[in-house]
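Everything below concerns the one structure shown next.
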Amino acid sequence: MSKVVLRCENVYKQYELRAGPLEVLKGVSFELNEGELLAIVGISGSGKTTLLNLLYGIDVVTSGQILLDGKILTDLSKDEFRNFRRDNFGMIFQEFYLIPSMTAIENVMVPLIIAGKSEKLALTKAYKLLESVEMRPMANKLPSQLSNGQKQRIAIARAIANNPRMLICDEPSRALDTALGDEIMDLIENLIEKENISVIMTTHDPEIAARADRVLIIRDGKLVEEKIKDREAFDFKAAKEIYRNPIDKNQDQNEKVSEVISETHKKPKKKKQVKRKKK
Ligand SMILES: Nc1ncnc2c1ncn2[C@@H]1O[C@H](COP(=O)(O)OP(=O)(O)O)[C@@H](O)[C@H]1O
Ligand SMILES: [Mg+2]
């Protein structure tokens with residue numbers, strides 16, 4: 001029997017808007033097994049990012065429980081969660097969220113240094129990580145000098161720097177074309193095999209979802225396991241249209257994500273060995 005890594009129990013999430021409460025998640029329950037690639041699909045606005053943000057602790061549940069390896073995350077304070085997140089989760093965002101003033105190698109070093117590694121060790125490990133995503137030649141480039149596919153590779157290297165228990169990916173291929181999206185999926189599948197990592201990923205893209213071990217559909221605030229007949233009920237064609245359209249910005253959400261990223265991936269204080277461009 002496979003081991004359960006993550007468990008979501010009857011999770012509700014409600015946003016208080018001026019016009020009244022907006023119930024986005026209405027009793028979400030699921031399990032993620034060790035070594036599994038689980039895809040969550042749903043049309044735009046169905047609550048995919050909301051759910052992942054709850055897992056990563058960017059936002060808090062209205063009610064319900066989230067457990068990782070049996071530990072109840074929804075009981076942790078903000079500070080406790082920050083430490084826990086650093087040790088257990090890697091997250092990949094559709095908009096990468098690399099630190100723009102830092103080079104690729106520095107972006108990857110940050111979580112290592114925060115986790116207490118010496119700069120020398122962090123540098124060595126960061127080079128290895130860049131190698132594993134085939135980005136070593138880009139080590140000294142700033143994010144602005146990289147393509148979207150390259151940025152996502154660097155973001156993956158950063159996400160796995162501290163050997164997380166699981167990887168949370170919010171539409172990892174959304175800003176990429178099909179071929180690049182496939183490459184990113186190859187990388188993620190490789191990680192599952194090599195690093196004993198479990199992955200939860202949202203996507204609009206049916207071809208990306210098709211690569212998962214299991215697909216859950218988010219609909220009316222609930223998750224339902226995809227069965228063959230549901231595949232027809234889920235309008236993949238419409239979803240694909242939305243997928244191809246430009247990313248709609250949710251200002252509030254983006255700000256929150258940026259805040260958490262900069263908290264989690266604070267700039268290291270000492271920076272001797274790595275040269276980087278000054279603005
Ligand atoms: N911080 C927020 N405040 C208010 N409403 C939000 C917030 N974040 C998301 N929403 C709303 O929740 C719904 C689900 O959004 P989201 O989780 O981003 O969907 P998806 O990722 O599936 O496109 C949308 O109606 C969105 O406008
Ligand atoms: Mg989203």
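By order of appearance in the structure tokens: chains A, B, ..., then residues from 1 within every chain, and ligands from 1 in the order shown.
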
- prompt: Do you know which residues are at most 7 Å from Ser2 of chain A counting only C-alpha atoms, after dropping those on the same chain fewer than 2 positions away, and could you put them as an MDAnalysis selection string?
  reply: chainID A and resid 4 33:34

Could you please extract the residues within 10 Å of ligand 2, counting only C-alpha atoms and all ligand atoms, and hand them back as a PyMOL selection string?
chain A and resi 42-53+93-94+170-171+174+202-204+247-250+253

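With distances restricted to only C-alpha atoms, A:Ala126 is the closest residue to Ile113 of chain A from A:Ala126, A:Ile66, A:Asp205, A:Arg82.
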
Need to verify the contact set: Leu129 of chain A, 8 Å, only C-alpha atoms, exclusion of same-chain residues closer than 3 positions in sequence. Can you return it as a PyMOL selection string? chain A and resi 108+125-126+132-133+157-158+161

Between atom CA of Ile58 of chain A and atom CA of Arg219 of chain A - distance in Å to one decimal =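 One can read the atom CA of Arg219 of chain A to atom CA of Ile58 of chain A distance as 22.1 Å.
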
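Listed by chain and then by rising number, the residues of segment 78-223 of chain A that DSSP assigns to strand (DSSP E) from the backbone are A:Phe89, A:Gly90, A:Met91, A:Ile92, A:Met166, A:Leu167, A:Ile168, A:Cys169, A:Asp170, A:Ser198, A:Val199, A:Ile200, A:Met201, A:Thr202, A:Thr203, A:Arg214, A:Val215, A:Leu216, A:Ile217, A:Ile218, A:Arg219, A:Lys222, A:Leu223.
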
So that I can check the secondary structure, give me every residue of segment 2-238 of chain A assigned alpha helix (DSSP H) by backbone DSSP, as a ChimeraX atom specification. /A:48-56,78-88,104-114,119-132,148-159,178-195,206-209,228-233,236-238

Env of Lys3 of chain A: 10 Å cut, atoms = only C-alpha atoms, seq-sep filter 6 positions within chain, self excluded. Answer as a compact mmCIF listing (two decimals) with N, CA and C atoms, in the first residue's frame.
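Result written to out15.txt:
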```txt
# COMPACT_ATOMS: atom_id res chain seq x y z
N GLU A 31 -6.10 12.93 -0.82
CA GLU A 31 -4.82 12.47 -0.29
C GLU A 31 -3.80 12.45 -1.41
N LEU A 32 -2.56 12.73 -1.05
CA LEU A 32 -1.46 12.60 -2.01
C LEU A 32 -0.55 11.51 -1.50
N ASN A 33 -0.27 10.55 -2.34
CA ASN A 33 0.58 9.43 -1.93
C ASN A 33 2.04 9.68 -2.25
N GLU A 34 2.89 8.98 -1.54
CA GLU A 34 4.33 9.12 -1.76
C GLU A 34 4.69 8.77 -3.21
N GLY A 35 5.49 9.63 -3.81
CA GLY A 35 5.96 9.37 -5.17
C GLY A 35 4.91 9.59 -6.25
N GLU A 36 3.81 10.22 -5.86
CA GLU A 36 2.72 10.40 -6.81
C GLU A 36 2.79 11.77 -7.50
N ASP A 69 2.52 14.26 6.44
CA ASP A 69 3.08 13.17 7.24
C ASP A 69 2.44 13.13 8.63
```

Identify which of the residues A:Ile200, A:Leu6, A:Ala212, A:Leu17 lies closest to ligand 1, counting only C-alpha atoms and all ligand atoms when measuring atom-to-atom distances.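 The answer is A:Leu17, which sits nearest to ligand 1.
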
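Of the listed residues A:Gly27, A:Pro137, A:Gly90, A:Gly221, the one whose atoms come nearest to ligand 1 is A:Gly221, with distances taken using only C-alpha atoms and all ligand atoms.
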
Across A:Val28, A:Met109, A:Leu216, A:Ile40, the smallest distance to ligand 1, with only C-alpha atoms and all ligand atoms counted, is shown by A:Ile40

Exercise. Give the answer as one residue: which of A:Val11, A:Leu123, A:Ala175, A:Val24 has the shortest atom-to-atom distance to ligand 1, using only C-alpha atoms and all ligand atoms?
Key: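 Of A:Val11, A:Leu123, A:Ala175, A:Val24, the one nearest ligand 1, counting only C-alpha atoms and all ligand atoms, is A:Val24.
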
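Minimum atom-to-atom distance to ligand 1, evaluated using only C-alpha atoms and all ligand atoms, belongs to A:Glu23 out of A:Glu23, A:Glu207, A:Asp79, A:Glu95.
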